[in-house]
file structure_0.txt (compact mmCIF, C-alpha atoms (C1' of nucleotides))
# COMPACT_ATOMS: atom_id res chain seq x y z
CA MET A 289 178.46 231.55 -14.38
CA ARG A 290 175.23 230.79 -12.65
CA ALA A 291 174.66 231.01 -8.93
CA LEU A 292 175.61 227.41 -8.10
CA HIS A 293 173.15 226.84 -5.29
CA HIS A 294 173.99 224.66 -2.31
CA PRO A 295 171.01 223.78 -0.13
CA ASP A 296 171.02 224.04 3.63
CA LEU A 297 171.27 220.54 5.02
CA ALA A 298 168.38 221.26 7.36
CA SER A 299 166.07 221.56 4.38
CA VAL A 300 167.16 218.29 2.80
CA GLU A 301 164.89 215.31 3.35
CA LEU A 302 166.49 212.04 4.33
CA ALA A 303 164.82 210.38 1.35
CA THR A 304 166.40 212.96 -0.97
CA LEU A 305 169.82 212.32 0.48
CA LEU A 306 169.46 208.55 0.19
CA ASN A 307 168.06 208.88 -3.30
CA ALA A 308 171.16 210.78 -4.35
CA LEU A 309 173.24 207.89 -3.07
CA ALA A 310 171.06 205.21 -4.61
CA ASP A 311 172.81 205.11 -7.96
CA PRO A 312 175.92 203.10 -8.85
CA VAL A 313 177.60 205.96 -10.69
CA ARG A 314 176.97 208.48 -7.93
CA LEU A 315 178.11 205.96 -5.35
CA GLN A 316 181.33 205.63 -7.32
CA VAL A 317 181.69 209.42 -7.40
CA VAL A 318 181.26 209.89 -3.66
CA GLY A 319 183.57 206.95 -3.07
CA GLN A 320 186.30 208.61 -5.13
CA LEU A 321 185.64 211.94 -3.45
CA ALA A 322 186.03 210.34 -0.05
CA ALA A 323 189.17 208.53 -1.11
CA ALA A 324 190.82 211.54 -2.73
CA GLY A 325 189.97 213.86 0.11
CA GLY A 326 187.70 215.83 -2.15
CA VAL A 327 190.36 217.31 -4.36
CA VAL A 328 189.27 215.69 -7.59
CA CYS A 329 187.66 218.00 -10.14
CA GLY A 330 186.55 216.45 -13.40
CA GLY A 331 188.99 213.61 -13.19
CA PHE A 332 186.44 211.12 -12.00
CA ASP A 333 186.79 207.56 -13.19
CA VAL A 334 183.25 206.71 -14.21
CA PRO A 335 181.82 204.79 -17.17
CA VAL A 336 179.54 207.54 -18.45
CA SER A 337 179.84 210.53 -20.74
CA MET A 338 180.89 213.95 -19.54
CA SER A 339 177.38 215.35 -19.73
CA THR A 340 175.95 212.48 -17.72
CA LEU A 341 178.64 212.90 -15.08
CA SER A 342 177.77 216.57 -14.90
CA HIS A 343 174.15 215.62 -14.35
CA HIS A 344 175.07 213.27 -11.50
CA LEU A 345 177.25 215.91 -9.86
CA LYS A 346 174.32 218.29 -10.02
CA VAL A 347 172.09 215.73 -8.30
CA LEU A 348 174.68 215.26 -5.58
CA ARG A 349 175.08 218.99 -5.13
CA GLU A 350 171.35 219.63 -4.93
CA ALA A 351 171.01 216.85 -2.37
CA GLY A 352 173.53 218.67 -0.19
CA LEU A 353 176.15 215.98 -0.52
CA VAL A 354 178.91 217.84 -2.33
CA ARG A 355 180.14 221.40 -2.43
CA VAL A 356 181.40 222.76 -5.72
CA THR A 357 183.83 225.65 -5.84
CA PRO A 358 184.92 227.07 -9.20
CA GLN A 359 188.64 227.58 -9.44
CA GLY A 360 189.62 229.09 -12.71
CA SER A 361 188.36 226.91 -15.48
CA PHE A 362 188.21 223.90 -13.14
CA ARG A 363 185.75 222.98 -10.45
CA GLN A 364 186.66 221.51 -7.16
CA HIS A 365 184.25 219.04 -5.62
CA GLU A 366 184.27 217.99 -2.01
CA LEU A 367 181.98 216.07 0.29
CA ARG A 368 180.11 218.15 2.86
CA LEU A 369 180.97 215.54 5.45
CA ALA A 370 180.87 217.70 8.57
CA GLU A 371 177.53 219.30 7.75
CA ILE A 372 175.95 215.99 6.85
CA GLU A 373 177.31 214.48 10.02
CA GLU A 374 175.70 217.27 11.97
CA HIS A 375 172.23 216.76 10.52
CA TYR A 376 172.32 213.04 9.83
CA PRO A 377 174.87 211.70 12.31
CA GLY A 378 176.40 208.36 11.44
CA VAL A 379 174.60 207.99 8.13
CA LEU A 380 177.32 208.72 5.62
CA PRO A 381 180.50 207.06 6.98
CA PRO A 382 179.24 203.45 6.90
CA ILE A 383 177.89 203.99 3.39
CA LEU A 384 181.24 205.32 2.24
CA ALA A 385 182.96 202.36 3.87
CA ALA A 386 180.61 199.91 2.15
CA ALA A 387 181.04 201.70 -1.17
CA ARG A 388 184.80 201.59 -0.86
CA ARG A 389 184.62 197.91 0.00
CA GLY A 390 182.30 197.32 -2.93
CA GLU A 391 184.46 198.60 -5.78
CA ARG A 392 187.24 196.35 -6.88
CA PRO A 393 187.79 196.27 -10.67
CA MET B 195 150.72 181.34 -2.85
CA ARG B 196 153.97 182.10 -4.56
CA ALA B 197 157.37 181.20 -3.27
CA LEU B 198 157.99 184.53 -1.49
CA HIS B 199 161.63 184.89 -2.34
CA HIS B 200 164.08 186.53 0.04
CA PRO B 201 167.46 187.36 -1.51
CA ASP B 202 170.76 186.56 0.13
CA LEU B 203 172.18 189.79 1.47
CA ALA B 204 175.52 188.98 -0.16
CA SER B 205 173.90 189.32 -3.57
CA VAL B 206 172.28 192.67 -2.84
CA GLU B 207 174.07 195.72 -4.20
CA LEU B 208 174.50 198.70 -1.92
CA ALA B 209 172.75 200.88 -4.49
CA THR B 210 169.75 198.53 -4.44
CA LEU B 211 169.55 198.68 -0.68
CA LEU B 212 169.79 202.46 -0.63
CA ASN B 213 167.28 202.75 -3.43
CA ALA B 214 164.79 200.75 -1.39
CA LEU B 215 165.25 203.25 1.42
CA ALA B 216 165.11 206.30 -0.83
CA ASP B 217 161.35 206.72 -0.72
CA PRO B 218 159.34 208.56 1.93
CA VAL B 219 156.70 205.86 2.21
CA ARG B 220 159.20 203.04 2.51
CA LEU B 221 161.20 205.04 5.02
CA GLN B 222 158.02 205.37 7.06
CA VAL B 223 157.45 201.63 6.80
CA VAL B 224 160.91 200.65 7.98
CA GLY B 225 160.65 203.27 10.72
CA GLN B 226 157.43 201.70 11.99
CA LEU B 227 158.92 198.23 11.69
CA ALA B 228 161.91 199.29 13.75
CA ALA B 229 159.70 200.94 16.34
CA ALA B 230 157.25 198.06 16.65
CA GLY B 231 159.95 195.42 16.81
CA GLY B 232 158.79 193.99 13.53
CA VAL B 233 155.49 192.61 14.75
CA VAL B 234 153.26 194.76 12.58
CA CYS B 235 151.54 193.00 9.69
CA GLY B 236 149.31 195.11 7.50
CA GLY B 237 148.65 197.69 10.16
CA PHE B 238 151.06 200.20 8.74
CA ASP B 239 150.19 203.86 9.03
CA VAL B 240 150.96 205.16 5.57
CA PRO B 241 149.19 207.61 3.28
CA VAL B 242 148.84 205.28 0.30
CA SER B 243 146.39 202.67 -0.87
CA MET B 244 146.64 199.02 0.07
CA SER B 245 147.94 198.00 -3.34
CA THR B 246 150.65 200.64 -3.27
CA LEU B 247 151.72 199.58 0.21
CA SER B 248 151.92 196.01 -1.03
CA HIS B 249 154.18 197.18 -3.85
CA HIS B 250 156.49 198.99 -1.43
CA LEU B 251 156.70 195.97 0.84
CA LYS B 252 157.67 193.90 -2.16
CA VAL B 253 160.45 196.36 -3.01
CA LEU B 254 161.71 196.22 0.56
CA ARG B 255 161.59 192.43 0.59
CA GLU B 256 163.42 192.08 -2.73
CA ALA B 257 166.09 194.49 -1.52
CA GLY B 258 166.70 192.17 1.42
CA LEU B 259 165.46 194.65 3.99
CA VAL B 260 162.43 192.84 5.38
CA ARG B 261 161.49 189.23 5.90
CA VAL B 262 157.86 188.26 5.36
CA THR B 263 156.39 185.21 7.04
CA PRO B 264 152.78 184.22 6.31
CA GLN B 265 150.84 183.39 9.43
CA GLY B 266 147.35 182.28 8.63
CA SER B 267 145.66 185.00 6.66
CA PHE B 268 148.10 187.60 7.99
CA ARG B 269 151.68 188.34 7.10
CA GLN B 270 154.32 189.23 9.57
CA HIS B 271 156.99 191.67 8.45
CA GLU B 272 160.26 192.17 10.24
CA LEU B 273 163.52 193.94 9.50
CA ARG B 274 166.46 191.67 8.69
CA LEU B 275 168.60 193.81 10.96
CA ALA B 276 171.22 191.27 11.95
CA GLU B 277 171.87 190.09 8.40
CA ILE B 278 172.07 193.63 7.06
CA GLU B 279 174.41 194.56 9.88
CA GLU B 280 176.62 191.66 8.91
CA HIS B 281 176.96 192.67 5.26
CA TYR B 282 176.60 196.43 5.57
CA PRO B 283 177.78 197.18 9.10
CA GLY B 284 176.60 200.45 10.54
CA VAL B 285 174.52 201.45 7.55
CA LEU B 286 170.99 200.85 8.76
CA PRO B 287 170.91 202.02 12.42
CA PRO B 288 171.71 205.71 11.75
CA ILE B 289 169.16 205.78 8.94
CA LEU B 290 166.51 204.34 11.25
CA ALA B 291 167.43 206.88 13.89
CA ALA B 292 167.19 209.73 11.40
CA ALA B 293 163.90 208.38 10.06
CA ARG B 294 162.48 208.13 13.57
CA ARG B 295 163.64 211.66 14.29
CA GLY B 296 162.13 212.85 11.04
CA GLU B 297 158.52 211.76 11.56
CA ARG B 298 156.48 213.75 13.96
CA PRO B 299 152.81 214.16 13.02
C1' DA C 206 129.73 175.65 1.41
C1' DC C 207 129.67 180.43 2.16
C1' DA C 208 130.84 184.92 3.26
C1' DG C 209 134.28 187.90 4.94
C1' DT C 210 138.86 189.48 5.64
C1' DA C 211 143.99 190.09 4.27
C1' DG C 212 146.75 190.75 0.81
C1' DT C 213 148.55 190.40 -4.10
C1' DT C 214 148.45 191.15 -8.98
C1' DC C 215 146.89 193.52 -13.24
C1' DG C 216 146.35 197.33 -16.32
C1' DA C 217 146.74 201.99 -16.95
C1' DT C 218 148.79 206.39 -16.33
C1' DG C 219 151.63 210.29 -15.43
C1' DG C 220 155.97 211.63 -13.83
C1' DC C 221 160.66 211.11 -13.01
C1' DT C 222 165.45 209.58 -14.47
C1' DG C 223 169.73 208.04 -16.73
C1' DT C 224 171.78 208.38 -20.99
C1' DC C 225 173.94 210.56 -25.05
C1' DA C 226 175.33 214.02 -28.71
C1' DA C 227 175.42 218.65 -29.86
C1' DA C 228 175.55 223.28 -28.80
C1' DG C 229 176.67 226.78 -25.46
C1' DC C 230 179.35 229.25 -21.66
C1' DC C 231 183.61 230.58 -18.97
C1' DT C 232 188.21 230.95 -18.16
C1' DC C 233 192.91 230.83 -19.29
C1' DG C 234 196.99 231.38 -22.20
C1' DA C 235 199.07 232.88 -26.51
C1' DT D 45 191.38 238.99 -29.49
C1' DC D 46 191.37 234.59 -30.58
C1' DG D 47 191.48 229.72 -29.75
C1' DA D 48 191.27 225.79 -26.86
C1' DG D 49 190.03 223.24 -22.79
C1' DG D 50 186.63 222.21 -19.13
C1' DC D 51 182.26 221.82 -17.85
C1' DT D 52 177.07 222.78 -18.30
C1' DT D 53 172.76 223.04 -20.61
C1' DT D 54 169.49 221.57 -24.04
C1' DG D 55 166.82 218.38 -26.51
C1' DA D 56 165.50 213.86 -27.22
C1' DC D 57 164.48 209.29 -25.90
C1' DA D 58 163.79 204.95 -23.57
C1' DG D 59 163.03 202.85 -19.32
C1' DC D 60 161.67 202.75 -14.74
C1' DC D 61 158.49 203.90 -10.83
C1' DA D 62 154.76 205.40 -7.64
C1' DT D 63 150.08 205.45 -7.72
C1' DC D 64 145.29 203.97 -8.07
C1' DG D 65 141.03 200.94 -8.65
C1' DA D 66 139.50 196.59 -9.83
C1' DA D 67 139.93 191.87 -10.18
C1' DC D 68 141.92 187.97 -8.08
C1' DT D 69 143.84 184.51 -4.51
C1' DA D 70 144.16 182.59 -0.01
C1' DC D 71 142.86 181.69 4.58
C1' DT D 72 139.36 181.75 8.61
C1' DG D 73 135.13 181.27 10.92
C1' DT D 74 130.45 179.96 10.78
call {"tool": "encode", "arguments": {"input": "structure_0.txt", "output": "structure tokens"}}
result
Amino acid sequence: MRALHHPDLASVELATLLNALADPVRLQVVGQLAAAGGVVCGGFDVPVSMSTLSHHLKVLREAGLVRVTPQGSFRQHELRLAEIEEHYPGVLPPILAAARRGERP
Amino acid sequence: MRALHHPDLASVELATLLNALADPVRLQVVGQLAAAGGVVCGGFDVPVSMSTLSHHLKVLREAGLVRVTPQGSFRQHELRLAEIEEHYPGVLPPILAAARRGERP
DNA sequence: ACAGTAGTTCGATGGCTGTCAAAGCCTCGA
DNA sequence: TCGAGGCTTTGACAGCCATCGAACTACTGT
């Protein structure tokens, strides 16, 4: 499999990070990642096709928001909370809280 | 002049708010608004044309981020900090801080 | 009334983006 | 080795978006 690049948070623009979060589907994804402690793999509950979900996960990864680690034929996704907190302190937690508050089916 | 609509923050989606902030120019604008206490009118220091700036200010206004009040032939822009804080507590301040930290000419 | 200044809107354009189905990889288990 | 499951990539497409110059509106001062 390909290299699976994760950018250094220092090289990620704030606008890029916010842009990655500025989509309802991706907001749902990070919300579920935060709720599940990052253990979820492809079992996300989102209203899009598999290929579209894959695209969104790629956007999140390239924005430095999630780390993807292949484990067998699965892939584990987790939020890079600590690193983000280091470079953009205080930015992510309130957004996660608002996202969690905002999804009630 | 037209009605100059300002949305109720309760009807603004989180994704909309983040999307309004997910642009370098608009991030600069809100950064300067935060720094200047919201008194600036059209004296923004941004690398785009007047019409483009006007477009960005419209996006920010329709996302509930700024309030625009016509004063004579000028227009005063200010952040709706308190209202945003009420509906999305803790979201804006860290972003403003990061934006301020991120612009050094 | 007139000219000037502040700002918006229009029309056009090129680029980016979210979406899907279909085809392609990897990895595991039989 | 073969098949199946899990995920990615490709190709295509429609819609949105940032950008500009030019035309337009609105207000002020003379």
call {"tool": "residues_around", "arguments": {"input": "structure_0.txt", "residues": "A:Ala386", "least_positions_apart": "4", "cutoff": "10 Å", "atoms": "only C-alpha atoms (C1' of nucleotides)", "output": "number ranges by chain"}}
result
A: 315, 319, 381-382, 390-391; B: 208, 281-285
call {"tool": "calpha_fit_and_write", "arguments": {"input": "structure_0.txt", "fixed": "chain B", "moving": "chain A", "output": "CSV table (one decimal) with C-alpha atoms, in the frame of the given file"}}
result
chain,number,residue,atom,x,y,z
A,289,MET,CA,150.8,181.1,-2.4
A,290,ARG,CA,153.8,181.9,-4.3
A,291,ALA,CA,157.4,181.2,-3.2
A,292,LEU,CA,158.0,184.5,-1.5
A,293,HIS,CA,161.6,184.9,-2.4
A,294,HIS,CA,164.1,186.6,0.0
A,295,PRO,CA,167.5,187.4,-1.5
A,296,ASP,CA,170.8,186.6,0.1
A,297,LEU,CA,172.2,189.8,1.4
A,298,ALA,CA,175.5,189.0,-0.2
A,299,SER,CA,173.9,189.4,-3.6
A,300,VAL,CA,172.3,192.7,-2.9
A,301,GLU,CA,174.1,195.8,-4.2
A,302,LEU,CA,174.5,198.7,-1.9
A,303,ALA,CA,172.8,200.9,-4.4
A,304,THR,CA,169.8,198.6,-4.4
A,305,LEU,CA,169.6,198.7,-0.7
A,306,LEU,CA,169.8,202.5,-0.6
A,307,ASN,CA,167.3,202.8,-3.4
A,308,ALA,CA,164.8,200.8,-1.4
A,309,LEU,CA,165.2,203.3,1.5
A,310,ALA,CA,165.1,206.3,-0.8
A,311,ASP,CA,161.4,206.7,-0.7
A,312,PRO,CA,159.3,208.6,2.0
A,313,VAL,CA,156.7,205.9,2.2
A,314,ARG,CA,159.2,203.0,2.5
A,315,LEU,CA,161.2,205.1,5.0
A,316,GLN,CA,158.0,205.4,7.1
A,317,VAL,CA,157.4,201.6,6.8
A,318,VAL,CA,160.9,200.7,8.0
A,319,GLY,CA,160.6,203.3,10.7
A,320,GLN,CA,157.4,201.7,12.0
A,321,LEU,CA,158.9,198.2,11.7
A,322,ALA,CA,161.9,199.3,13.8
A,323,ALA,CA,159.7,200.9,16.3
A,324,ALA,CA,157.2,198.0,16.6
A,325,GLY,CA,159.9,195.4,16.8
A,326,GLY,CA,158.8,194.0,13.5
A,327,VAL,CA,155.5,192.6,14.7
A,328,VAL,CA,153.3,194.8,12.5
A,329,CYS,CA,151.5,193.0,9.6
A,330,GLY,CA,149.3,195.1,7.4
A,331,GLY,CA,148.6,197.7,10.1
A,332,PHE,CA,151.0,200.2,8.7
A,333,ASP,CA,150.1,203.8,9.0
A,334,VAL,CA,150.9,205.1,5.6
A,335,PRO,CA,149.1,207.6,3.3
A,336,VAL,CA,148.8,205.3,0.3
A,337,SER,CA,146.4,202.6,-0.9
A,338,MET,CA,146.6,199.0,0.1
A,339,SER,CA,147.9,197.9,-3.3
A,340,THR,CA,150.6,200.6,-3.3
A,341,LEU,CA,151.7,199.6,0.2
A,342,SER,CA,151.9,196.0,-1.0
A,343,HIS,CA,154.2,197.2,-3.8
A,344,HIS,CA,156.5,199.0,-1.4
A,345,LEU,CA,156.7,196.0,0.8
A,346,LYS,CA,157.7,193.9,-2.2
A,347,VAL,CA,160.4,196.4,-3.0
A,348,LEU,CA,161.7,196.2,0.5
A,349,ARG,CA,161.6,192.5,0.6
A,350,GLU,CA,163.4,192.1,-2.8
A,351,ALA,CA,166.1,194.5,-1.5
A,352,GLY,CA,166.7,192.2,1.4
A,353,LEU,CA,165.5,194.7,4.0
A,354,VAL,CA,162.4,192.8,5.3
A,355,ARG,CA,161.5,189.2,5.9
A,356,VAL,CA,157.9,188.3,5.3
A,357,THR,CA,156.4,185.2,7.0
A,358,PRO,CA,152.8,184.2,6.3
A,359,GLN,CA,150.9,183.4,9.4
A,360,GLY,CA,147.4,182.3,8.6
A,361,SER,CA,145.7,185.0,6.6
A,362,PHE,CA,148.1,187.6,7.9
A,363,ARG,CA,151.7,188.3,7.1
A,364,GLN,CA,154.3,189.2,9.5
A,365,HIS,CA,157.0,191.7,8.5
A,366,GLU,CA,160.3,192.2,10.2
A,367,LEU,CA,163.5,193.9,9.5
A,368,ARG,CA,166.5,191.7,8.7
A,369,LEU,CA,168.6,193.8,10.9
A,370,ALA,CA,171.2,191.2,11.9
A,371,GLU,CA,171.9,190.1,8.4
A,372,ILE,CA,172.1,193.6,7.0
A,373,GLU,CA,174.4,194.5,9.9
A,374,GLU,CA,176.6,191.6,8.9
A,375,HIS,CA,177.0,192.6,5.3
A,376,TYR,CA,176.6,196.4,5.6
A,377,PRO,CA,177.8,197.1,9.1
A,378,GLY,CA,176.6,200.4,10.6
A,379,VAL,CA,174.5,201.4,7.6
A,380,LEU,CA,171.0,200.8,8.8
A,381,PRO,CA,170.9,202.0,12.4
A,382,PRO,CA,171.7,205.7,11.8
A,383,ILE,CA,169.2,205.8,9.0
A,384,LEU,CA,166.5,204.3,11.3
A,385,ALA,CA,167.5,206.8,13.9
A,386,ALA,CA,167.2,209.7,11.4
A,387,ALA,CA,163.9,208.4,10.1
A,388,ARG,CA,162.5,208.1,13.6
A,389,ARG,CA,163.7,211.6,14.3
A,390,GLY,CA,162.2,212.8,11.1
A,391,GLU,CA,158.6,211.8,11.5
A,392,ARG,CA,156.5,213.9,13.9
A,393,PRO,CA,152.9,214.5,12.7
call {"tool": "residues_around", "arguments": {"input": "structure_0.txt", "residues": "C:DG234", "least_positions_apart": "5", "cutoff": "12 Å", "atoms": "all atoms listed in the file", "output": "tab-separated table (two decimals) with C-alpha atoms (C1' of nucleotides), in the coordinates of the input"}}
result
chain	number	residue	atom	x	y	z
A	361	SER	CA	188.36	226.91	-15.48
D	45	DT	C1'	191.38	238.99	-29.49
D	46	DC	C1'	191.37	234.59	-30.58
D	47	DG	C1'	191.48	229.72	-29.75
D	48	DA	C1'	191.27	225.79	-26.86
D	49	DG	C1'	190.03	223.24	-22.79
call {"tool": "closest_atom_pairs", "arguments": {"input": "structure_0.txt", "of": "chain B", "to": "chain D", "cutoff": "9 Å", "atoms": "only C-alpha atoms (C1' of nucleotides)", "output": "JSON lines"}}
result
{"residue": "B:Met195", "atom": "CA", "partner": "D:DA70", "partner_atom": "C1'", "distance": 7.3}
{"residue": "B:Val242", "atom": "CA", "partner": "D:DT63", "partner_atom": "C1'", "distance": 8.1}
{"residue": "B:Ser243", "atom": "CA", "partner": "D:DC64", "partner_atom": "C1'", "distance": 7.4}
{"residue": "B:Ser245", "atom": "CA", "partner": "D:DC64", "partner_atom": "C1'", "distance": 8.1}
{"residue": "B:Thr246", "atom": "CA", "partner": "D:DT63", "partner_atom": "C1'", "distance": 6.6}
{"residue": "B:Gly266", "atom": "CA", "partner": "D:DC71", "partner_atom": "C1'", "distance": 6.1}
{"residue": "B:Ser267", "atom": "CA", "partner": "D:DC71", "partner_atom": "C1'", "distance": 4.8}
{"residue": "B:Phe268", "atom": "CA", "partner": "D:DC71", "partner_atom": "C1'", "distance": 8.6}
call {"tool": "interface_residues", "arguments": {"input": "structure_0.txt", "of": "chain B", "to": "chain A", "cutoff": "6 Å", "atoms": "only C-alpha atoms", "output": "number ranges by chain"}}
result
B: 209, 212-213, 216-218, 284-285, 288-289
call {"tool": "residues_around", "arguments": {"input": "structure_0.txt", "residues": "B:Pro201", "least_positions_apart": "6", "cutoff": "8 Å", "atoms": "all atoms listed in the file", "output": "PDB file with C-alpha atoms, keeping the file's coordinate frame"}}
result
ATOM      1  CA  GLU B 256     163.420 192.080  -2.730  1.00  0.00           C
ATOM      2  CA  ALA B 257     166.090 194.490  -1.520  1.00  0.00           C
ATOM      3  CA  GLY B 258     166.700 192.170   1.420  1.00  0.00           C
TER       4      GLY B 258
END
call {"tool": "interface_residues", "arguments": {"input": "structure_0.txt", "of": "chain C", "to": "chain A", "cutoff": "12 Å", "atoms": "all atoms listed in the file", "output": "PyMOL selection string"}}
result
chain C and resi 222-227+230-234
call {"tool": "closest_residue", "arguments": {"input": "structure_0.txt", "among": "A:Val318, A:Val347, A:Leu341, A:Ala323", "to": "A:Leu367", "atoms": "all atoms listed in the file"}}
result
A:Val318
call {"tool": "closest_residue", "arguments": {"input": "structure_0.txt", "among": "A:Gln364, A:His293, A:Lys346, A:Thr357", "to": "A:Gly326", "atoms": "all atoms listed in the file"}}
result
A:Gln364
call {"tool": "atom_distance", "arguments": {"input": "structure_0.txt", "atom1": "atom CA of A:Pro358", "atom2": "atom CA of A:Val327"}}
result
12.2 Å
call {"tool": "atom_distance", "arguments": {"input": "structure_0.txt", "atom1": "atom CA of A:Ala324", "atom2": "atom CA of A:Arg363"}}
result
14.7 Å
call {"tool": "axis_aligned_box", "arguments": {"input": "structure_0.txt", "around": "stretch 56-59 of chain D", "padding_each_side": "4 Å", "output": "lines of an AutoDock Vina configuration file"}}
result
center_x = 164.3
center_y = 208.4
center_z = -23.3
size_x = 10.5
size_y = 19.0
size_z = 15.9
call {"tool": "decode", "arguments": {"input": "structure_0.txt", "residues": "stretch 203-264 of chain B", "atoms": "C-alpha atoms", "output": "mmCIF file, in the first residue's frame"}}
result
data_model
loop_
_atom_site.group_PDB
_atom_site.id
_atom_site.type_symbol
_atom_site.label_atom_id
_atom_site.label_comp_id
_atom_site.auth_asym_id
_atom_site.auth_seq_id
_atom_site.Cartn_x
_atom_site.Cartn_y
_atom_site.Cartn_z
ATOM 1 C CA LEU B 203 -27.202 32.486 15.483
ATOM 2 C CA ALA B 204 -29.541 29.652 16.476
ATOM 3 C CA SER B 205 -30.270 28.998 12.816
ATOM 4 C CA VAL B 206 -26.624 28.919 11.763
ATOM 5 C CA GLU B 207 -25.100 25.480 11.315
ATOM 6 C CA LEU B 208 -21.682 24.838 12.789
ATOM 7 C CA ALA B 209 -20.429 23.807 9.357
ATOM 8 C CA THR B 210 -21.582 27.143 7.931
ATOM 9 C CA LEU B 211 -19.775 29.049 10.634
ATOM 10 C CA LEU B 212 -16.574 27.071 10.156
ATOM 11 C CA ASN B 213 -16.832 27.387 6.406
ATOM 12 C CA ALA B 214 -16.966 31.158 6.747
ATOM 13 C CA LEU B 215 -13.740 30.990 8.736
ATOM 14 C CA ALA B 216 -12.056 28.514 6.395
ATOM 15 C CA ASP B 217 -10.594 31.106 4.049
ATOM 16 C CA PRO B 218 -7.305 32.966 4.480
ATOM 17 C CA VAL B 219 -8.761 36.326 3.515
ATOM 18 C CA ARG B 220 -11.750 36.027 5.807
ATOM 19 C CA LEU B 221 -9.517 34.820 8.611
ATOM 20 C CA GLN B 222 -7.460 37.971 8.117
ATOM 21 C CA VAL B 223 -10.615 40.062 8.215
ATOM 22 C CA VAL B 224 -11.914 38.598 11.456
ATOM 23 C CA GLY B 225 -8.423 38.855 12.914
ATOM 24 C CA GLN B 226 -8.312 42.574 12.140
ATOM 25 C CA LEU B 227 -11.837 43.022 13.458
ATOM 26 C CA ALA B 228 -10.878 41.341 16.702
ATOM 27 C CA ALA B 229 -7.728 43.407 16.995
ATOM 28 C CA ALA B 230 -9.376 46.734 16.205
ATOM 29 C CA GLY B 231 -12.328 46.124 18.482
ATOM 30 C CA GLY B 232 -14.639 46.062 15.523
ATOM 31 C CA VAL B 233 -14.366 49.723 14.621
ATOM 32 C CA VAL B 234 -12.836 49.246 11.194
ATOM 33 C CA CYS B 235 -15.105 49.942 8.236
ATOM 34 C CA GLY B 236 -13.611 49.479 4.800
ATOM 35 C CA GLY B 237 -10.069 50.006 5.961
ATOM 36 C CA PHE B 238 -9.202 46.350 5.945
ATOM 37 C CA ASP B 239 -5.701 45.358 4.976
ATOM 38 C CA VAL B 240 -6.298 42.477 2.601
ATOM 39 C CA PRO B 241 -4.680 41.466 -0.686
ATOM 40 C CA VAL B 242 -7.866 41.399 -2.752
ATOM 41 C CA SER B 243 -9.921 43.868 -4.713
ATOM 42 C CA MET B 244 -12.716 45.913 -3.204
ATOM 43 C CA SER B 245 -15.426 43.797 -4.792
ATOM 44 C CA THR B 246 -13.895 40.583 -3.513
ATOM 45 C CA LEU B 247 -13.603 42.018 -0.011
ATOM 46 C CA SER B 248 -17.254 42.990 -0.204
ATOM 47 C CA HIS B 249 -18.103 39.410 -1.132
ATOM 48 C CA HIS B 250 -16.152 38.030 1.834
ATOM 49 C CA LEU B 251 -17.827 40.446 4.226
ATOM 50 C CA LYS B 252 -21.165 39.278 2.916
ATOM 51 C CA VAL B 253 -20.209 35.651 3.575
ATOM 52 C CA LEU B 254 -19.144 36.543 7.109
ATOM 53 C CA ARG B 255 -22.343 38.474 7.715
ATOM 54 C CA GLU B 256 -24.588 35.696 6.399
ATOM 55 C CA ALA B 257 -22.749 33.184 8.570
ATOM 56 C CA GLY B 258 -23.646 35.298 11.595
ATOM 57 C CA LEU B 259 -20.061 36.248 12.331
ATOM 58 C CA VAL B 260 -20.163 40.000 11.808
ATOM 59 C CA ARG B 261 -22.769 42.684 12.252
ATOM 60 C CA VAL B 262 -22.818 45.528 9.743
ATOM 61 C CA THR B 263 -24.289 48.894 10.640
ATOM 62 C CA PRO B 264 -24.441 51.640 7.997
#
